[in-house]
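Reproduced below: my_file_14.txt, with compact mmCIF, C-alpha atoms.
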```txt
# COMPACT_ATOMS: atom_id res chain seq x y z
CA MET A 35 -6.35 2.10 49.02
CA ASN A 36 -9.15 4.42 47.99
CA ASP A 37 -9.26 2.72 44.60
CA LEU A 38 -9.67 -0.62 46.30
CA ASN A 39 -12.46 0.72 48.47
CA VAL A 40 -14.22 2.23 45.48
CA THR A 41 -13.91 -1.01 43.56
CA ALA A 42 -15.25 -3.00 46.47
CA GLY A 43 -18.05 -0.51 46.92
CA GLU A 44 -18.99 -0.69 43.26
CA ALA A 45 -18.94 -4.46 43.43
CA SER A 46 -21.22 -4.39 46.48
CA HIS A 47 -23.54 -1.97 44.74
CA ASP A 48 -23.70 -4.05 41.56
CA ASP A 49 -24.08 -7.34 43.44
CA PRO A 50 -25.80 -6.56 46.75
CA LEU A 51 -26.63 -10.20 47.48
CA GLY A 52 -23.13 -11.44 46.75
CA LEU A 53 -24.29 -13.86 44.04
CA ARG A 54 -21.45 -13.04 41.67
CA ASN A 55 -18.90 -15.07 43.61
CA GLN A 56 -21.33 -17.58 45.01
CA HIS A 57 -20.80 -21.19 43.93
CA VAL A 58 -23.92 -22.73 42.42
CA PRO A 59 -23.50 -26.53 42.22
CA GLY A 60 -26.66 -27.03 40.19
CA ALA A 61 -25.42 -24.88 37.33
CA VAL A 62 -22.26 -26.95 37.06
CA LYS A 63 -24.22 -30.20 36.89
CA GLN A 64 -26.61 -29.01 34.21
CA LEU A 65 -24.13 -29.42 31.35
CA PRO A 66 -23.29 -33.09 32.00
CA GLN A 67 -26.97 -33.84 32.56
CA ALA A 68 -27.90 -32.24 29.25
CA SER A 69 -25.14 -34.14 27.48
CA SER A 70 -26.23 -37.43 29.06
CA LEU A 71 -29.83 -36.76 28.08
CA SER A 72 -28.81 -36.07 24.48
CA SER A 73 -26.78 -39.28 24.40
CA LEU A 74 -29.69 -41.29 25.77
CA MET A 75 -32.04 -39.77 23.21
CA LEU A 76 -29.62 -40.49 20.38
CA TRP A 77 -29.10 -44.13 21.37
CA GLY A 78 -32.84 -44.46 21.81
CA ILE A 79 -33.35 -43.27 18.23
CA ILE A 80 -30.65 -45.66 16.99
CA LEU A 81 -32.22 -48.64 18.79
CA PHE A 82 -35.64 -47.63 17.47
CA ALA A 83 -34.25 -47.46 13.93
CA ILE A 84 -32.68 -50.92 14.22
CA GLY A 85 -35.82 -52.31 15.85
CA ILE A 86 -38.23 -51.06 13.21
CA ARG A 87 -36.00 -52.43 10.44
CA LEU A 88 -35.77 -55.83 12.10
CA LEU A 89 -39.53 -55.81 12.64
CA VAL A 90 -40.11 -55.19 8.93
CA PHE A 91 -37.68 -58.03 8.19
CA ILE A 92 -39.51 -60.42 10.54
CA LEU A 93 -42.89 -59.55 9.05
CA GLY A 94 -41.63 -59.66 5.46
CA PRO A 95 -38.47 -61.30 4.08
CA ALA A 96 -38.05 -63.62 7.07
CA ASN A 97 -41.34 -65.31 6.12
CA ASN A 98 -40.87 -65.12 2.38
CA PHE A 99 -37.35 -64.28 1.30
CA ASN A 100 -38.47 -63.70 -2.28
CA GLN A 101 -39.63 -60.31 -1.00
CA ALA A 102 -35.97 -59.37 -0.57
CA TYR A 103 -35.19 -60.07 -4.21
CA GLU A 104 -35.29 -57.25 -6.72
CA PRO A 105 -34.62 -57.65 -10.47
CA ASP A 106 -30.87 -57.06 -9.96
CA SER A 107 -30.55 -59.19 -6.82
CA ARG A 108 -29.94 -62.46 -8.65
CA ARG A 109 -26.86 -61.07 -10.36
CA TYR A 110 -25.29 -60.07 -7.03
CA VAL A 111 -25.99 -63.53 -5.62
CA GLU A 112 -24.47 -65.26 -8.66
CA LEU A 113 -21.34 -63.14 -8.40
CA SER A 114 -20.99 -63.87 -4.68
CA LYS A 115 -21.31 -67.62 -5.31
CA ALA A 116 -18.66 -67.45 -8.03
CA LEU A 117 -16.35 -65.71 -5.58
CA ASN A 118 -16.86 -68.46 -3.02
CA GLU A 119 -16.75 -71.45 -5.34
CA PHE A 120 -14.12 -70.38 -7.84
CA GLY A 121 -12.42 -67.35 -6.30
CA THR A 122 -13.19 -65.28 -9.37
CA PHE A 123 -15.40 -62.27 -10.00
CA ALA A 124 -17.39 -63.65 -12.91
CA ARG A 125 -20.85 -64.74 -13.99
CA GLY A 126 -22.42 -67.63 -15.84
CA PRO A 127 -23.15 -67.81 -19.56
CA GLU A 128 -26.76 -66.74 -19.07
CA ASP A 129 -26.98 -63.18 -17.84
CA SER A 130 -29.60 -61.89 -15.42
CA GLY A 131 -31.19 -58.58 -14.55
CA VAL A 132 -33.62 -56.24 -16.28
CA ILE A 133 -30.88 -54.22 -17.96
CA HIS A 134 -28.30 -56.96 -18.30
CA ILE A 135 -30.29 -59.52 -20.33
CA PRO A 136 -30.96 -57.32 -23.38
CA LEU A 137 -27.43 -55.90 -23.14
CA TYR A 138 -26.00 -59.42 -23.00
CA GLN A 139 -28.06 -60.50 -26.02
CA LEU A 140 -26.99 -57.44 -28.00
CA ARG A 141 -23.31 -57.98 -27.21
CA LYS A 142 -23.64 -61.66 -28.07
CA GLN A 143 -25.14 -60.82 -31.47
CA ARG A 144 -22.29 -58.41 -32.15
CA GLY A 145 -19.64 -60.82 -30.94
CA GLU A 146 -18.52 -58.41 -28.23
CA LEU A 147 -18.66 -60.78 -25.26
CA GLU A 148 -15.48 -61.28 -23.26
CA ALA A 149 -13.73 -64.62 -23.46
CA THR A 150 -14.68 -67.04 -20.69
CA ASN A 151 -12.15 -68.02 -18.05
CA LYS A 152 -11.07 -71.55 -17.17
CA TYR A 153 -14.32 -72.06 -15.25
CA HIS A 154 -16.33 -71.12 -18.37
CA LEU A 155 -17.51 -67.95 -16.68
CA TYR A 156 -17.59 -64.47 -18.15
CA PRO A 157 -15.59 -61.78 -16.30
CA GLU A 158 -17.95 -59.27 -14.73
CA THR A 159 -17.54 -55.80 -16.19
CA PHE A 160 -20.88 -54.23 -15.27
CA ARG A 161 -20.93 -54.44 -11.47
CA THR A 162 -18.30 -53.56 -8.88
CA PRO A 163 -17.21 -56.36 -6.51
CA GLY A 164 -18.00 -54.65 -3.18
CA TYR A 165 -21.51 -55.96 -2.56
CA PRO A 166 -20.87 -59.48 -3.94
CA ILE A 167 -17.90 -59.70 -1.55
CA PHE A 168 -20.22 -58.64 1.28
CA LEU A 169 -22.68 -61.41 0.34
CA SER A 170 -19.91 -63.97 -0.08
CA ILE A 171 -18.87 -63.46 3.55
CA PHE A 172 -22.14 -65.04 4.69
CA GLU A 173 -21.65 -67.99 2.34
CA TRP A 174 -18.10 -68.38 3.64
CA LEU A 175 -19.39 -68.37 7.24
CA GLY A 176 -21.79 -71.17 6.36
CA VAL A 177 -24.98 -69.12 6.54
CA SER A 178 -27.27 -68.37 3.64
CA THR A 179 -27.72 -65.11 1.77
CA PRO A 180 -30.85 -64.14 3.78
CA ALA A 181 -28.55 -63.44 6.74
CA ALA A 182 -27.36 -60.37 4.85
CA VAL A 183 -30.69 -58.61 5.36
CA PRO A 184 -30.68 -58.39 9.20
CA THR A 185 -27.04 -57.31 8.95
CA GLN A 186 -28.13 -54.54 6.60
CA CYS A 187 -30.83 -53.61 9.13
CA LEU A 188 -28.12 -53.18 11.75
CA LEU A 189 -25.92 -51.11 9.44
CA SER A 190 -28.88 -48.99 8.37
CA GLY A 191 -29.74 -48.32 12.00
CA LEU A 192 -26.17 -47.30 12.76
CA ASN A 193 -26.38 -44.83 9.88
CA VAL A 194 -28.49 -42.75 12.25
CA LEU A 195 -25.41 -42.20 14.41
CA LEU A 196 -23.29 -41.27 11.40
CA VAL A 197 -25.88 -38.79 10.15
CA PHE A 198 -26.10 -37.24 13.62
CA LEU A 199 -22.32 -36.81 13.81
CA LEU A 200 -22.15 -35.37 10.32
CA ALA A 201 -25.07 -32.98 10.87
CA ARG A 202 -23.67 -31.79 14.19
CA HIS A 203 -20.31 -31.14 12.57
CA LEU A 204 -21.84 -29.19 9.68
CA LEU A 205 -24.56 -27.32 11.58
CA ASN A 206 -22.94 -27.09 15.03
CA HIS A 207 -26.37 -27.58 16.55
CA ASN A 208 -27.39 -30.63 18.58
CA LEU A 209 -31.13 -30.18 18.07
CA ALA A 210 -30.79 -29.95 14.29
CA ALA A 211 -28.50 -32.99 14.28
CA MET A 212 -31.03 -34.91 16.38
CA ALA A 213 -33.79 -33.97 13.92
CA ALA A 214 -31.66 -35.28 11.04
CA ALA A 215 -31.14 -38.54 12.94
CA VAL A 216 -34.90 -38.94 13.48
CA ILE A 217 -35.60 -38.37 9.78
CA VAL A 218 -33.13 -41.10 8.80
CA ALA A 219 -34.50 -43.45 11.46
CA VAL A 220 -38.05 -43.34 10.10
CA HIS A 221 -37.40 -42.68 6.41
CA PRO A 222 -39.38 -45.29 4.41
CA ALA A 223 -36.87 -45.47 1.55
CA ASP A 224 -34.01 -46.19 3.93
CA ILE A 225 -36.04 -48.84 5.75
CA LEU A 226 -37.03 -50.57 2.51
CA ALA A 227 -33.49 -50.43 1.12
CA SER A 228 -32.25 -52.40 4.11
CA GLN A 229 -34.70 -55.21 3.25
CA SER A 230 -33.43 -55.89 -0.28
CA ILE A 231 -30.47 -57.81 -1.68
CA LEU A 232 -29.11 -54.68 -3.30
CA SER A 233 -26.02 -52.58 -2.75
CA GLU A 234 -27.74 -49.35 -1.68
CA SER A 235 -27.79 -50.09 2.06
CA LEU A 236 -24.14 -51.13 2.28
CA PHE A 237 -23.06 -48.30 -0.01
CA THR A 238 -24.83 -45.72 2.18
CA SER A 239 -23.11 -47.02 5.31
CA LEU A 240 -19.67 -46.98 3.69
CA MET A 241 -20.23 -43.54 2.17
CA LEU A 242 -21.34 -42.00 5.47
CA SER A 243 -18.43 -43.64 7.30
CA GLY A 244 -16.00 -42.23 4.76
CA VAL A 245 -17.45 -38.73 4.99
CA CYS A 246 -17.36 -38.79 8.79
CA LEU A 247 -13.73 -39.94 8.79
CA ALA A 248 -12.65 -37.43 6.14
```
Can the structure in the file be given as structure tokens, please?
Amino acid sequence: MNDLNVTAGEASHDDPLGLRNQHVPGAVKQLPQASSLSSLMLWGIILFAIGIRLLVFILGPANNFNQAYEPDSRRYVELSKALNEFGTFARGPEDSGVIHIPLYQLRKQRGELEATNKYHLYPETFRTPGYPIFLSIFEWLGVSTPAAVPTQCLLSGLNVLLVFLLARHLLNHNLAAMAAAVIVAVHPADILASQSILSESLFTSLMLSGVCLA
């Protein structure tokens, strides 16, 4: 009994206002509010990233789609058309691309070219089929290749979410993860990559998705 009295007395002495056992509703609500605020900020950054990429598309490639073509773009388009028209991953007799043309000419001089298939196309051995398949989906849907660019803008914007999740997992810090998301959202190289008919934008999205799921 004395022990109980001493314990109670010590508790009263340490906590004279009785705050230790007092329920504070505001403190309980702070955590959900902070989480909701972080979620709103993150989705705001994602929407901003998508918006700025679409704005660049509207001001650039949407008016002149030649701006979306890089030296290697033509090869990807040719491969995607061959997939749609012939169901084969192959290219025409005349090669394209800064690196591919001299390589094609050298192999032709040496007699090292592959035999053509029944469509008189050369099997593609330089590029992987992932991005041409991506482009061929738009042809199959009845829309032109330019539709790939706004889709890449969307994927590039969603990369912000993937980077945030990955950074939070590695650093265990929401603020640092948010900073990483902001950097990706406004990074010029990432924005420009989403505007070109090249594999970098799609590859980045698939790579980040794979790492996050691993």
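Atom CA of A:Gly126 sits 5.0 Å away from atom CA of A:Leu155.
Here atom CA of A:Gln101 is placed at a distance of 13.1 Å from atom CA of A:Thr179.
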>> So that I can check the surroundings of A:Phe198, please list as an NGL selection string every protein, DNA and RNA residue that reaches within 8 Å of it, counting only C-alpha atoms and ignoring chain neighbours fewer than 5 positions away.
In response: :A and (211-212 or 214-215)
Taking C-alpha atoms for each residue, export the selection above as a CSV table (one decimal), in the coordinates of the input.
```csv
chain,number,residue,atom,x,y,z
A,211,ALA,CA,-28.5,-33.0,14.3
A,212,MET,CA,-31.0,-34.9,16.4
A,214,ALA,CA,-31.7,-35.3,11.0
A,215,ALA,CA,-31.1,-38.5,12.9
```
>> Using all atoms listed in the file, which protein or nucleic acid residues come within 10 Å of stretch 88-95 of chain A? Drop anything in the same chain fewer than 2 positions from it, and give the result as a PyMOL selection string.
In response: chain A and resi 82-86+97-103+180+183-188+191+225-226+228-230
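Across the model, the gap from atom CA of A:Lys115 to atom CA of A:Met241 is 25.2 Å.
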>> Quick one: residues within 7 Å of A:Leu196, only C-alpha atoms, excluding same-chain residues fewer than 3 positions away - as a VMD selection string?
In response: chain A and resid 192 to 193 199 to 200 242 to 243 246
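In terms of minimum interatomic distance to A:Leu117, A:Ser170 ranks closest within A:Ser170, A:Ser239, A:Ser190, A:Ser233, counting all atoms listed in the file.
Of the listed residues A:Gly78, A:Leu209, A:Pro163, A:Ala219, the one whose atoms come nearest to A:Val111 is A:Pro163, with distances taken using all atoms listed in the file.
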Keeping just N, CA and C atoms, export stretch 82-120 of chain A of this structure as a compact mmCIF listing (two decimals), in the first residue's frame.
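Final output, result_30.txt:
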```
# COMPACT_ATOMS: atom_id res chain seq x y z
N PHE A 82 2.71 18.79 -62.05
CA PHE A 82 3.56 19.85 -62.61
C PHE A 82 4.53 19.27 -63.63
N ALA A 83 5.12 18.12 -63.31
CA ALA A 83 6.08 17.49 -64.22
C ALA A 83 5.40 17.10 -65.53
N ILE A 84 4.21 16.51 -65.44
CA ILE A 84 3.48 16.15 -66.65
C ILE A 84 3.09 17.40 -67.44
N GLY A 85 2.63 18.42 -66.72
CA GLY A 85 2.19 19.65 -67.37
C GLY A 85 3.31 20.35 -68.12
N ILE A 86 4.48 20.45 -67.51
CA ILE A 86 5.58 21.16 -68.17
C ILE A 86 6.07 20.38 -69.39
N ARG A 87 6.00 19.06 -69.33
CA ARG A 87 6.40 18.25 -70.48
C ARG A 87 5.40 18.38 -71.62
N LEU A 88 4.13 18.40 -71.28
CA LEU A 88 3.11 18.58 -72.32
C LEU A 88 3.17 19.99 -72.90
N LEU A 89 3.50 20.97 -72.07
CA LEU A 89 3.64 22.33 -72.57
C LEU A 89 4.78 22.44 -73.57
N VAL A 90 5.90 21.80 -73.26
CA VAL A 90 7.03 21.79 -74.20
C VAL A 90 6.63 21.10 -75.49
N PHE A 91 5.85 20.03 -75.38
CA PHE A 91 5.38 19.32 -76.57
C PHE A 91 4.48 20.21 -77.42
N ILE A 92 3.56 20.93 -76.78
CA ILE A 92 2.63 21.80 -77.51
C ILE A 92 3.39 22.92 -78.22
N LEU A 93 4.38 23.47 -77.54
CA LEU A 93 5.14 24.58 -78.12
C LEU A 93 6.16 24.12 -79.16
N GLY A 94 6.53 22.83 -79.11
CA GLY A 94 7.57 22.34 -80.01
C GLY A 94 7.08 21.30 -81.00
N PRO A 95 7.25 20.00 -80.68
CA PRO A 95 6.92 18.94 -81.63
C PRO A 95 5.49 18.95 -82.14
N ALA A 96 4.54 19.44 -81.36
CA ALA A 96 3.15 19.46 -81.83
C ALA A 96 2.99 20.39 -83.03
N ASN A 97 3.79 21.44 -83.10
CA ASN A 97 3.75 22.37 -84.23
C ASN A 97 4.63 21.92 -85.38
N ASN A 98 5.74 21.30 -85.05
CA ASN A 98 6.67 20.82 -86.07
C ASN A 98 7.27 19.51 -85.57
N PHE A 99 6.70 18.40 -86.03
CA PHE A 99 7.11 17.12 -85.45
C PHE A 99 8.53 16.73 -85.83
N ASN A 100 9.11 17.42 -86.79
CA ASN A 100 10.52 17.14 -87.12
C ASN A 100 11.43 17.42 -85.93
N GLN A 101 10.95 18.26 -85.00
CA GLN A 101 11.75 18.55 -83.81
C GLN A 101 11.88 17.32 -82.90
N ALA A 102 10.98 16.36 -83.06
CA ALA A 102 11.03 15.15 -82.24
C ALA A 102 11.96 14.10 -82.83
N TYR A 103 12.43 14.35 -84.05
CA TYR A 103 13.28 13.36 -84.71
C TYR A 103 14.75 13.66 -84.46
N GLU A 104 15.43 12.65 -83.95
CA GLU A 104 16.87 12.67 -83.79
C GLU A 104 17.48 11.77 -84.88
N PRO A 105 18.81 11.77 -85.03
CA PRO A 105 19.41 10.94 -86.09
C PRO A 105 19.00 9.47 -86.05
N ASP A 106 18.77 8.91 -84.87
CA ASP A 106 18.41 7.50 -84.77
C ASP A 106 16.90 7.25 -84.80
N SER A 107 16.11 8.31 -84.82
CA SER A 107 14.66 8.15 -84.73
C SER A 107 14.09 7.40 -85.94
N ARG A 108 14.61 7.70 -87.11
CA ARG A 108 14.07 7.10 -88.33
C ARG A 108 14.17 5.58 -88.29
N ARG A 109 15.25 5.08 -87.74
CA ARG A 109 15.43 3.62 -87.68
C ARG A 109 14.35 2.98 -86.80
N TYR A 110 14.06 3.60 -85.65
CA TYR A 110 13.01 3.07 -84.78
C TYR A 110 11.65 3.07 -85.49
N VAL A 111 11.38 4.14 -86.23
CA VAL A 111 10.10 4.23 -86.94
C VAL A 111 10.01 3.16 -88.02
N GLU A 112 11.10 2.95 -88.76
CA GLU A 112 11.11 1.93 -89.81
C GLU A 112 10.88 0.54 -89.22
N LEU A 113 11.50 0.27 -88.10
CA LEU A 113 11.34 -1.04 -87.46
C LEU A 113 9.91 -1.23 -86.96
N SER A 114 9.31 -0.17 -86.43
CA SER A 114 7.92 -0.28 -85.95
C SER A 114 6.96 -0.51 -87.11
N LYS A 115 7.21 0.13 -88.25
CA LYS A 115 6.35 -0.08 -89.42
C LYS A 115 6.49 -1.50 -89.97
N ALA A 116 7.70 -2.02 -89.94
CA ALA A 116 7.90 -3.40 -90.39
C ALA A 116 7.17 -4.38 -89.48
N LEU A 117 7.15 -4.09 -88.19
CA LEU A 117 6.41 -4.94 -87.26
C LEU A 117 4.92 -4.93 -87.57
N ASN A 118 4.39 -3.76 -87.89
CA ASN A 118 2.96 -3.65 -88.18
C ASN A 118 2.59 -4.24 -89.53
N GLU A 119 3.40 -3.95 -90.54
CA GLU A 119 3.04 -4.36 -91.90
C GLU A 119 3.37 -5.82 -92.19
N PHE A 120 4.49 -6.29 -91.65
CA PHE A 120 4.95 -7.64 -92.00
C PHE A 120 5.06 -8.57 -90.81
```
